[in-house]
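Engineer: Let me begin by handing over the structure; questions about it come next.
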Amino acid sequence: MMKHKLKLGDYKFESRLIIGTGKFSDVNTMLKAIQSSGTQLVTVALRRFNRERKSDDLYGPLSKLKHVTLMPNTSGARNAKEAVRAALLGRELSGSPFIKLEIHPNPHHLMPDPIETFEAARILVKENFIVMPYMPADPVLAKRLEDIGCASVMPLGSAIGSGHGLRTHEMLTLIIRDSNIPVIVDAGLRSPSEAAAAMEMGCDAVLVNSAIATTNNPEDMAAAFAMAVRAGRSARMAGIMTESDAAVPTSPLTSFLTKE
Amino acid sequence: MNTDLSSWFDPEPWLAASERVNKGHVKSAIFSGSPGIKEFAALLTPVAADFLEIMAQHAQALTQHHFGKTISLYIPLYLSNYCPGGCAYCGFASDRQQLRRKLAEDELMTEINALKQKGFEDILLLTGERTEEAGFDYLLKCVSLAAGRFHNVTIESFAMTSDEYRQLANAGCTGITLYQETYDPDVYEKLHRWGPKRDYTFRLEAPARALSAGLRIAGLGILLGLADPVRDAVCLFLHIQYLKKRFWQAGILVSFPRICRQFGGYQPEYPVSERLLAQFIFAFRICLPDVPLVLSTREKPEFRDGIAGIGISRMSVASKTTVGGYSGAPASLIGQFDVSDTRDVETFCDVLRNKGLDPVFKNWDSIFQRQEDTMIFES
């Protein structure tokens with residue numbers, strides 16, 4: 001059923017659910033959630049790499065997971081320079097060619113900075129990263145980022161951690177329609193049904209963190225998201241019935257017209 | 001925008017409105033979705049005190065939304081207890097008879113090593129008011145040394161000039177904590193009996209100077225107990241609104257230092273109970289959902305354990321308020337204030353973990369900020 005794999009750079013993934021690793025109550029809960037989600041791509045904040053205190057380090061336990069590719073992210077960076085430095089360090093430490101570019105100059109609402117993101121993406125593509133930029137749901141910016149060589153675009157569904165779902169639906173539709181690279185909804189998803197909705201819209205994958213990490217049972221919620229993503233993808237591939245305001249009569253009005 | 005700070009500080013309309021607050025107002029303030037100063041003032045009222053549990057539930061949900069199931073940890077390190085100030089409630093006031101000392105460079109490195117050993121990555125360096133013994137140059141040197149070892153270095157010290165703040169930022173300091181303590185100028189003048197801190201306006205404008213000079217974080221607070229806490233909290237909220245409007249990239253922190261009976265027999269004129277303290281924390285969380293709220297070891301273990309994750313997202317642990325004291329080398333005898341929670345790091349972290357909260361030591365990486373740039377940026 002899943003004929004097409006998710007392609008990012010030279011990498012291919014069966015799973016279209018990407019998991020974020022912040023906000024979990026402890027490392028074991030995080031690892032169980034990752035496992036039950038069946039994800040093959042996990043993102044981790046570089047600022048949470050801690051080589052000096054094992055119990056505080058997210059990288060160590062994640063790096064031991066089999067069948068999972070790690071994608072360091074630059075969260076916490078406030079401008080392009082900080083993000084680029086973080087990315088270089090991340091590659092050095094993790095060996096991963098992926099970088100999830102996150103630049104949010106306002107530490108409170110954490111909205112991505114389109115200008116700094118574009119600048120950092122330009123540099124990181126030249127540095128041969130597989131660049132995955134978190135971005136506002138802006139169809140023009142999406143094309144700009146595609147043009148300079150990003151491997152995907154990651155527009156937000158709504159504010160990070162908000163659980164407001166696909167508030168940017170209309171913009172996401174435009175982004176998906178015109179994009180030649182995978183479109184991955186990142187941020188804002190609250191429930192599996194929203195993840196399914198994103199996939200039905202034609203997103204290539206979704207990234208989920210808060211909705212799994214802050215629930216009472218992250219392991220089960222991760223599994224639920226995985227099923228929803230598969231369901232949404234299958235529905236999209238099967239072809240979803242078109243919406244229509246008018247009922248379609250079983251005896252068409254034009255049946256009197258003869259075939260020519 | 002109007003950058004004249006004094007024009008922002010009129011709490012009267014909000015205090016007057018809160019006189020008329022009823023239960024309906026409180027409920028809609030809790031769940032308004034876009035709370036502002038009006039809702040904040042309503043949540044500080046005695047009427048809202050009856051909704052403490054509902055406020056707590058909502059505060060916890062908001063804290064989890066924005067900070068997840070984590071508590072970020074920091075450690076204060078007092079560099080010096082020299083102080084020319086006469087703050088009536090402070091253990092470092094210049095009329096308190098005690099040995100005055102500051103950490104010499106090698107002593108500082110010993111303390112830093114001891115704190116690194118315990119796993120800390122986020123350090124707050126403190127001094128008294130500006131003195132010849134421990135002035136700006138001394139602090140700058142200490143910041144540079146600490147920035148070489150810790151990922152996040154902030155200071156809590158005297159109010160400074162823009163140029164001084166710029167130098168601190170360049171030395172690797174990410175932010176300041178500077179409490180106005182009270183926004184009532186008369187009480188302020190009475191309690192700050194002598195010393196440079198008597199300049200109310202210079203202090204009031206310091207966070208704005210720091211943020212415009214390139215520091216990223218401004219930690220604000222009122223000393224609960226000095227003056228009418230509701231009035232002060234409303235002013236603090238206005239101060240935060242002002243800073244957020246003026247500096248769109250500013251990181252704001254809010255702390256809740258509660259003054260209890262201190263050395264020299266200082267008795268707070270407006271004692272704040274734990275219930276009221278909790279109500280304040282919930283009100284701040286509900287109205288500033290994405291601002292880190294900070295609690296120190298001034299409060300006792302039961303309160304800290306209870307409120308962690310319910311509003312509070314950042315805490316100190318195993319603090320000493322004496323000069324030095326972490327390495328086992330002799331510290332000064334009298335701290336700036338009494339520590340009520342004396343548990344060690346591992347004990348406290350275990351408590352957090354049992355509550356389903358992840359203690360986070362490192363939440364920033366100093367390499368992001370490294371000044372020397374590579375060729376990449378030229379291309």
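Residue numbering restarts at 1 in every chain; chains get A, B, ... in the order shown in the structure tokens, and ligands count up from 1 in that same order.
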What parts of range 73-300 of chain B does DSSP call alpha helix (DSSP H)? I'd like the answer as a VMD selection string.
Structural biologist: chain B and resid 105 to 117 136 to 147 162 to 170 185 to 191 200 to 204 206 to 212 229 to 246 274 to 287
Engineer: Counting only C-alpha atoms, which residues of chain B come no farther than 10 Å from chain A, as a PyMOL selection string?
Structural biologist: chain B and resi 61-62+64-71+116-121+151+216-217+244+247-252+288-292+352-371+373-374+376-379
Engineer: Quick one: which range 1-76 of chain A residues come within 6 Å of range 202-207 of chain A, and what is the nearest atom pair for each with the distance in Å to one decimal, counting only C-alpha atoms, rows ordered by chain and ascending number, as JSON lines?
Structural biologist:
```
{"residue": "A:Arg16", "atom": "CA", "partner": "A:Ala205", "partner_atom": "CA", "distance": 4.5}
{"residue": "A:Leu17", "atom": "CA", "partner": "A:Val206", "partner_atom": "CA", "distance": 5.4}
{"residue": "A:Ile18", "atom": "CA", "partner": "A:Leu207", "partner_atom": "CA", "distance": 4.5}
{"residue": "A:Ile19", "atom": "CA", "partner": "A:Leu207", "partner_atom": "CA", "distance": 5.6}
```
Engineer: For Ala159 in chain A, list every protein, DNA or RNA residue within 10 Å, evaluated using only C-alpha atoms, and leave out those in the same chain fewer than 5 positions away; present the list as a list in words.
Structural biologist: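 Here the answer would be His109, Leu110, Met111, Pro112, Pro136, His164, Gly165, Leu166, Arg167, Thr168, Asp186, Ala187, Gly188 and Leu189 of chain A.
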Engineer: For the selection you just gave me, I'd like the residues written to a file as a JSON list (two decimals), in the first residue's frame, keeping all heavy atoms.
Structural biologist:
```
[["chain", "number", "residue", "atom", "x", "y", "z"],
["A", 109, "HIS", "N", 7.15, 33.30, 22.24],
["A", 109, "HIS", "CA", 6.21, 32.63, 21.33],
["A", 109, "HIS", "C", 6.91, 31.68, 20.35],
["A", 109, "HIS", "O", 6.29, 30.86, 19.71],
["A", 109, "HIS", "CB", 5.31, 33.63, 20.60],
["A", 109, "HIS", "CG", 6.01, 34.65, 19.75],
["A", 109, "HIS", "ND1", 6.96, 34.31, 18.82],
["A", 109, "HIS", "CD2", 5.89, 35.99, 19.70],
["A", 109, "HIS", "CE1", 7.38, 35.41, 18.22],
["A", 109, "HIS", "NE2", 6.78, 36.45, 18.74],
["A", 110, "LEU", "N", 8.24, 31.80, 20.24],
["A", 110, "LEU", "CA", 9.03, 30.86, 19.44],
["A", 110, "LEU", "C", 8.65, 30.79, 17.96],
["A", 110, "LEU", "O", 8.83, 29.76, 17.31],
["A", 110, "LEU", "CB", 8.96, 29.44, 20.05],
["A", 110, "LEU", "CG", 9.42, 29.30, 21.49],
["A", 110, "LEU", "CD1", 9.16, 27.88, 22.00],
["A", 110, "LEU", "CD2", 10.90, 29.63, 21.64],
["A", 111, "MET", "N", 8.12, 31.89, 17.42],
["A", 111, "MET", "CA", 7.80, 31.90, 16.00],
["A", 111, "MET", "C", 9.09, 31.94, 15.17],
["A", 111, "MET", "O", 10.03, 32.66, 15.53],
["A", 111, "MET", "CB", 6.95, 33.12, 15.66],
["A", 111, "MET", "CG", 5.51, 32.97, 16.11],
["A", 111, "MET", "SD", 4.70, 31.69, 15.15],
["A", 111, "MET", "CE", 3.39, 31.25, 16.28],
["A", 112, "PRO", "N", 9.14, 31.17, 14.08],
["A", 112, "PRO", "CA", 10.37, 31.13, 13.29],
["A", 112, "PRO", "C", 10.61, 32.44, 12.53],
["A", 112, "PRO", "O", 9.67, 33.06, 12.06],
["A", 112, "PRO", "CB", 10.11, 29.98, 12.30],
["A", 112, "PRO", "CG", 8.63, 29.82, 12.26],
["A", 112, "PRO", "CD", 8.10, 30.26, 13.58],
["A", 136, "PRO", "N", 7.43, 29.74, 8.98],
["A", 136, "PRO", "CA", 6.04, 30.16, 9.01],
["A", 136, "PRO", "C", 5.34, 29.57, 7.78],
["A", 136, "PRO", "O", 6.00, 29.27, 6.77],
["A", 136, "PRO", "CB", 6.09, 31.68, 8.88],
["A", 136, "PRO", "CG", 7.52, 32.07, 8.96],
["A", 136, "PRO", "CD", 8.35, 30.87, 8.74],
["A", 164, "HIS", "N", -3.08, 23.93, 18.68],
["A", 164, "HIS", "CA", -4.18, 24.57, 17.96],
["A", 164, "HIS", "C", -4.43, 23.95, 16.58],
["A", 164, "HIS", "O", -5.26, 24.44, 15.82],
["A", 164, "HIS", "CB", -3.95, 26.08, 17.83],
["A", 164, "HIS", "CG", -4.18, 26.81, 19.12],
["A", 164, "HIS", "ND1", -3.66, 28.06, 19.38],
["A", 164, "HIS", "CD2", -4.86, 26.45, 20.24],
["A", 164, "HIS", "CE1", -4.02, 28.43, 20.61],
["A", 164, "HIS", "NE2", -4.74, 27.47, 21.14],
["A", 165, "GLY", "N", -3.69, 22.91, 16.26],
["A", 165, "GLY", "CA", -3.98, 22.16, 15.05],
["A", 165, "GLY", "C", -3.59, 22.89, 13.78],
["A", 165, "GLY", "O", -2.62, 23.65, 13.75],
["A", 166, "LEU", "N", -4.37, 22.67, 12.74],
["A", 166, "LEU", "CA", -4.02, 23.18, 11.41],
["A", 166, "LEU", "C", -4.63, 24.55, 11.13],
["A", 166, "LEU", "O", -5.39, 24.73, 10.19],
["A", 166, "LEU", "CB", -4.45, 22.16, 10.35],
["A", 166, "LEU", "CG", -3.78, 20.78, 10.47],
["A", 166, "LEU", "CD1", -4.49, 19.76, 9.59],
["A", 166, "LEU", "CD2", -2.30, 20.85, 10.11],
["A", 167, "ARG", "N", -4.28, 25.50, 11.97],
["A", 167, "ARG", "CA", -4.81, 26.85, 11.80],
["A", 167, "ARG", "C", -4.36, 27.48, 10.48],
["A", 167, "ARG", "O", -4.97, 28.40, 9.96],
["A", 167, "ARG", "CB", -4.33, 27.76, 12.95],
["A", 167, "ARG", "CG", -4.96, 27.47, 14.29],
["A", 167, "ARG", "CD", -6.31, 28.16, 14.42],
["A", 167, "ARG", "NE", -7.06, 27.59, 15.53],
["A", 167, "ARG", "CZ", -7.05, 28.07, 16.78],
["A", 167, "ARG", "NH1", -6.35, 29.16, 17.05],
["A", 167, "ARG", "NH2", -7.73, 27.49, 17.73],
["A", 168, "THR", "N", -3.25, 27.00, 9.96],
["A", 168, "THR", "CA", -2.70, 27.59, 8.74],
["A", 168, "THR", "C", -3.14, 26.80, 7.50],
["A", 168, "THR", "O", -2.49, 26.87, 6.46],
["A", 168, "THR", "CB", -1.16, 27.62, 8.80],
["A", 168, "THR", "OG1", -0.71, 26.28, 9.04],
["A", 168, "THR", "CG2", -0.65, 28.51, 9.91],
["A", 186, "ASP", "N", 5.02, 20.93, 10.94],
["A", 186, "ASP", "CA", 5.80, 20.90, 12.16],
["A", 186, "ASP", "C", 5.18, 21.91, 13.12],
["A", 186, "ASP", "O", 5.10, 23.08, 12.81],
["A", 186, "ASP", "CB", 7.25, 21.31, 11.81],
["A", 186, "ASP", "CG", 8.15, 21.35, 13.03],
["A", 186, "ASP", "OD1", 7.69, 20.98, 14.11],
["A", 186, "ASP", "OD2", 9.31, 21.75, 12.87],
["A", 187, "ALA", "N", 4.75, 21.43, 14.22],
["A", 187, "ALA", "CA", 4.24, 22.29, 15.31],
["A", 187, "ALA", "C", 2.75, 22.51, 15.26],
["A", 187, "ALA", "O", 2.18, 22.78, 14.20],
["A", 187, "ALA", "CB", 4.94, 23.64, 15.36],
["A", 188, "GLY", "N", 2.16, 22.41, 16.43],
["A", 188, "GLY", "CA", 0.76, 22.77, 16.61],
["A", 188, "GLY", "C", -0.22, 21.61, 16.67],
["A", 188, "GLY", "O", -1.35, 21.78, 17.11],
["A", 189, "LEU", "N", 0.20, 20.42, 16.19],
["A", 189, "LEU", "CA", -0.76, 19.31, 16.16],
["A", 189, "LEU", "C", -1.06, 18.83, 17.58],
["A", 189, "LEU", "O", -0.17, 18.67, 18.40],
["A", 189, "LEU", "CB", -0.22, 18.15, 15.32],
["A", 189, "LEU", "CG", 0.04, 18.47, 13.85],
["A", 189, "LEU", "CD1", 0.50, 17.22, 13.10],
["A", 189, "LEU", "CD2", -1.19, 19.08, 13.18]]
```
Engineer: Do a neighbour search on Glu14 in chain A at 12 Å with only C-alpha atoms, toss out local chain neighbours closer than 3 positions, and write the hits as a short mmCIF file (atom, residue, chain, number, x, y, z; two decimals) with all heavy atoms, in the first residue's frame.
Structural biologist:
```
data_model
loop_
_atom_site.label_atom_id
_atom_site.label_comp_id
_atom_site.auth_asym_id
_atom_site.auth_seq_id
_atom_site.Cartn_x
_atom_site.Cartn_y
_atom_site.Cartn_z
N MET A 1 0.83 -1.20 0.00
CA MET A 1 0.00 0.00 0.00
C MET A 1 0.87 1.26 0.00
O MET A 1 0.61 2.23 -0.69
CB MET A 1 -0.91 0.00 1.23
CG MET A 1 -1.92 1.12 1.15
SD MET A 1 -3.46 0.71 1.97
CE MET A 1 -3.08 0.89 3.67
N MET A 2 1.94 1.17 0.81
CA MET A 2 2.79 2.35 0.89
C MET A 2 3.84 2.28 -0.22
O MET A 2 4.96 1.87 -0.02
CB MET A 2 3.47 2.37 2.26
CG MET A 2 3.67 3.75 2.81
SD MET A 2 2.17 4.54 3.40
CE MET A 2 1.98 3.71 4.98
N LYS A 3 3.42 2.67 -1.43
CA LYS A 3 4.32 2.51 -2.56
C LYS A 3 5.49 3.48 -2.49
O LYS A 3 6.62 3.13 -2.77
CB LYS A 3 3.56 2.77 -3.86
CG LYS A 3 2.68 1.61 -4.27
CD LYS A 3 1.99 1.94 -5.59
CE LYS A 3 0.77 1.04 -5.75
NZ LYS A 3 -0.27 1.65 -6.57
N HIS A 4 5.17 4.71 -2.15
CA HIS A 4 6.21 5.73 -2.19
C HIS A 4 6.79 5.96 -0.81
O HIS A 4 6.06 6.09 0.16
CB HIS A 4 5.64 7.02 -2.74
CG HIS A 4 5.00 6.83 -4.07
ND1 HIS A 4 5.73 6.59 -5.21
CD2 HIS A 4 3.70 6.82 -4.44
CE1 HIS A 4 4.90 6.45 -6.23
NE2 HIS A 4 3.66 6.58 -5.79
N LYS A 5 8.08 6.04 -0.77
CA LYS A 5 8.73 6.36 0.50
C LYS A 5 8.95 7.86 0.58
O LYS A 5 9.01 8.55 -0.44
CB LYS A 5 10.05 5.62 0.59
CG LYS A 5 9.88 4.12 0.74
CD LYS A 5 11.22 3.45 0.89
CE LYS A 5 11.03 1.94 1.04
NZ LYS A 5 12.31 1.25 1.16
N LEU A 6 9.13 8.30 1.80
CA LEU A 6 9.47 9.71 2.02
C LEU A 6 10.95 9.89 1.69
O LEU A 6 11.80 9.23 2.28
CB LEU A 6 9.19 10.08 3.48
CG LEU A 6 9.62 11.45 3.95
CD1 LEU A 6 8.83 12.55 3.24
CD2 LEU A 6 9.45 11.57 5.47
N LYS A 7 11.23 10.78 0.72
CA LYS A 7 12.63 10.98 0.33
C LYS A 7 13.12 12.32 0.86
O LYS A 7 12.54 13.36 0.58
CB LYS A 7 12.76 10.99 -1.19
CG LYS A 7 12.74 9.62 -1.79
CD LYS A 7 13.04 9.69 -3.29
CE LYS A 7 12.32 8.55 -3.99
NZ LYS A 7 11.82 8.87 -5.31
N LEU A 8 14.22 12.25 1.60
CA LEU A 8 14.84 13.48 2.09
C LEU A 8 16.32 13.38 1.75
O LEU A 8 17.01 12.51 2.29
CB LEU A 8 14.63 13.61 3.61
CG LEU A 8 13.17 13.74 4.06
CD1 LEU A 8 13.06 13.54 5.57
CD2 LEU A 8 12.58 15.08 3.67
N TYR A 11 18.16 9.99 1.49
CA TYR A 11 17.59 9.06 2.47
C TYR A 11 16.13 8.78 2.15
O TYR A 11 15.41 9.65 1.68
CB TYR A 11 17.70 9.64 3.88
CG TYR A 11 19.10 9.65 4.43
CD1 TYR A 11 20.08 10.50 3.88
CD2 TYR A 11 19.45 8.82 5.49
CE1 TYR A 11 21.37 10.51 4.38
CE2 TYR A 11 20.75 8.84 6.00
CZ TYR A 11 21.70 9.68 5.45
OH TYR A 11 22.96 9.69 5.95
N LEU A 17 6.10 9.77 10.15
CA LEU A 17 5.92 10.46 11.43
C LEU A 17 7.30 10.75 12.01
O LEU A 17 8.10 9.84 12.23
CB LEU A 17 5.12 9.57 12.39
CG LEU A 17 4.95 10.05 13.83
CD1 LEU A 17 4.25 11.41 13.89
CD2 LEU A 17 4.17 9.02 14.65
N ILE A 18 7.58 12.02 12.19
CA ILE A 18 8.85 12.43 12.78
C ILE A 18 8.56 12.86 14.23
O ILE A 18 7.56 13.51 14.49
CB ILE A 18 9.47 13.60 11.99
CG1 ILE A 18 9.61 13.21 10.52
CG2 ILE A 18 10.83 14.00 12.57
CD1 ILE A 18 10.04 14.35 9.61
N GLY A 38 7.12 3.81 15.79
CA GLY A 38 7.71 3.25 14.58
C GLY A 38 8.44 4.28 13.74
O GLY A 38 8.74 4.05 12.57
N THR A 39 8.73 5.42 14.31
CA THR A 39 9.40 6.48 13.55
C THR A 39 10.81 6.06 13.14
O THR A 39 11.45 5.24 13.82
CB THR A 39 9.46 7.79 14.36
OG1 THR A 39 10.00 8.81 13.52
CG2 THR A 39 10.36 7.66 15.58
N GLN A 40 11.25 6.64 12.04
CA GLN A 40 12.64 6.39 11.61
C GLN A 40 13.47 7.66 11.63
O GLN A 40 14.64 7.65 11.28
CB GLN A 40 12.63 5.80 10.19
CG GLN A 40 11.98 4.43 10.14
CD GLN A 40 11.65 4.03 8.73
OE1 GLN A 40 10.88 4.70 8.05
NE2 GLN A 40 12.24 2.95 8.26
N LEU A 41 12.82 8.76 12.00
CA LEU A 41 13.53 10.04 12.02
C LEU A 41 13.10 10.81 13.27
O LEU A 41 11.91 11.05 13.49
CB LEU A 41 13.19 10.82 10.74
CG LEU A 41 13.95 12.12 10.49
CD1 LEU A 41 15.46 11.89 10.44
CD2 LEU A 41 13.49 12.76 9.17
N HIS A 67 17.69 1.65 13.76
CA HIS A 67 16.68 1.96 12.74
C HIS A 67 16.12 3.38 12.87
O HIS A 67 15.05 3.67 12.35
CB HIS A 67 15.51 0.96 12.77
CG HIS A 67 15.96 -0.46 12.91
ND1 HIS A 67 16.77 -1.06 11.96
CD2 HIS A 67 15.76 -1.38 13.88
CE1 HIS A 67 17.03 -2.30 12.35
NE2 HIS A 67 16.43 -2.51 13.51
N VAL A 68 16.79 4.22 13.62
CA VAL A 68 16.31 5.59 13.76
C VAL A 68 17.43 6.55 13.35
O VAL A 68 18.55 6.45 13.83
CB VAL A 68 15.87 5.89 15.22
CG1 VAL A 68 15.60 7.37 15.40
CG2 VAL A 68 14.63 5.07 15.57
N ASP A 204 3.55 15.50 3.27
CA ASP A 204 4.35 14.29 3.07
C ASP A 204 4.70 13.60 4.38
O ASP A 204 5.05 12.43 4.39
CB ASP A 204 5.62 14.64 2.30
CG ASP A 204 5.27 15.13 0.91
OD1 ASP A 204 5.03 14.28 0.04
OD2 ASP A 204 5.17 16.36 0.71
N ALA A 205 4.69 14.39 5.46
CA ALA A 205 4.96 13.83 6.78
C ALA A 205 4.53 14.85 7.82
O ALA A 205 4.21 15.99 7.47
CB ALA A 205 6.46 13.52 6.94
N ALA A 226 0.95 7.30 14.95
CA ALA A 226 1.49 6.52 13.83
C ALA A 226 0.36 5.96 12.97
O ALA A 226 0.40 6.02 11.73
CB ALA A 226 2.36 5.38 14.37
N VAL A 229 -1.29 8.78 10.97
CA VAL A 229 -0.49 9.23 9.83
C VAL A 229 -0.61 8.24 8.68
O VAL A 229 -0.79 8.62 7.52
CB VAL A 229 1.00 9.42 10.26
CG1 VAL A 229 1.90 9.60 9.05
CG2 VAL A 229 1.12 10.63 11.18
N ARG A 230 -0.60 6.95 9.02
CA ARG A 230 -0.77 5.94 7.96
C ARG A 230 -2.15 6.03 7.33
O ARG A 230 -2.29 5.98 6.10
CB ARG A 230 -0.55 4.52 8.54
CG ARG A 230 0.92 4.15 8.69
CD ARG A 230 1.09 2.63 8.82
NE ARG A 230 0.44 2.11 10.01
CZ ARG A 230 1.00 2.09 11.22
NH1 ARG A 230 2.24 2.54 11.38
NH2 ARG A 230 0.35 1.60 12.25
N ARG A 233 -2.37 9.12 5.09
CA ARG A 233 -1.58 8.92 3.86
C ARG A 233 -2.32 7.97 2.89
O ARG A 233 -2.42 8.24 1.70
CB ARG A 233 -0.21 8.35 4.24
CG ARG A 233 0.66 7.94 3.07
CD ARG A 233 1.21 9.13 2.33
NE ARG A 233 2.00 8.70 1.17
CZ ARG A 233 2.47 9.52 0.26
NH1 ARG A 233 2.22 10.81 0.34
NH2 ARG A 233 3.18 9.07 -0.74
#
```
Engineer: Select from range 115-360 of chain B everything DSSP, run on the backbone, classes as strand (DSSP E), then give the selection as a ChimeraX atom specification.
Structural biologist: /B:122-126,152-156,173-177,217-221,251-255,293-295,314-316,358-360
Engineer: Give me, as number ranges by chain, all polymer residues having an atom no more than 7 Å from Asp338 in chain B, counting only C-alpha atoms and skipping those fewer than 2 positions away in the same chain.
Structural biologist: B: 298, 335, 340
Engineer: Residues of the last selection are to be written out with N, CA and C atoms, as a short mmCIF file (atom, residue, chain, number, x, y, z; two decimals), in the first residue's frame.
Structural biologist:
```cif
data_model
loop_
_atom_site.label_atom_id
_atom_site.label_comp_id
_atom_site.auth_asym_id
_atom_site.auth_seq_id
_atom_site.Cartn_x
_atom_site.Cartn_y
_atom_site.Cartn_z
N ARG B 298 14.56 29.99 48.86
CA ARG B 298 14.00 30.71 50.00
C ARG B 298 12.79 29.97 50.56
N GLY B 335 24.57 34.62 55.25
CA GLY B 335 24.10 34.67 53.87
C GLY B 335 23.26 35.90 53.63
N SER B 340 15.63 27.98 52.85
CA SER B 340 14.70 27.09 53.55
C SER B 340 14.76 25.67 53.02
#
```
Engineer: I want to know what sits within 6 Å of range 146-155 of chain A, based on only C-alpha atoms, with residues of the same chain fewer than 2 positions away left out; could you give that as a list in words?
Structural biologist: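 Here the answer would be Leu8, Gly9, Ile130, Val131, Met132, Pro133, Tyr134, Met135, Pro136, Ala137, Lys143, Arg144, Ile181, Pro182, Val183, Ile184, Val185 and Asp186 of chain A.
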Engineer: Would you save the residues of that selection, restricted to C-alpha atoms, as a compact mmCIF listing (two decimals), in the first residue's frame?
Structural biologist:
```txt
# COMPACT_ATOMS: atom_id res chain seq x y z
CA LEU A 8 14.84 13.48 2.09
CA GLY A 9 18.15 14.05 0.37
CA ILE A 130 20.20 18.04 4.31
CA VAL A 131 18.41 21.18 5.38
CA MET A 132 14.95 20.92 6.91
CA PRO A 133 13.75 24.42 7.80
CA TYR A 134 10.99 25.07 10.31
CA MET A 135 9.15 28.04 8.88
CA PRO A 136 6.04 30.16 9.01
CA ALA A 137 3.32 28.78 6.71
CA LYS A 143 9.39 28.27 -2.76
CA ARG A 144 12.37 30.43 -1.88
CA ILE A 181 10.06 18.92 -2.11
CA PRO A 182 8.38 17.20 0.84
CA VAL A 183 6.12 19.37 2.96
CA ILE A 184 6.18 18.41 6.62
CA VAL A 185 3.82 20.03 9.09
CA ASP A 186 5.80 20.90 12.16
```
Engineer: Can you list, as a list in words, every protein, DNA or RNA residue that comes within 6 Å of range 94-98 of chain B when you count only C-alpha atoms, leaving out same-chain residues fewer than 5 positions away?
Structural biologist: Cys83, Pro84, Gly85 and Gly86 of chain B
Engineer: To one decimal in Å, tell me the separation between CA of Val234 in chain B and CA of Phe9 in chain B.
Structural biologist: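 Between these atoms lies a distance of 8.9 Å.
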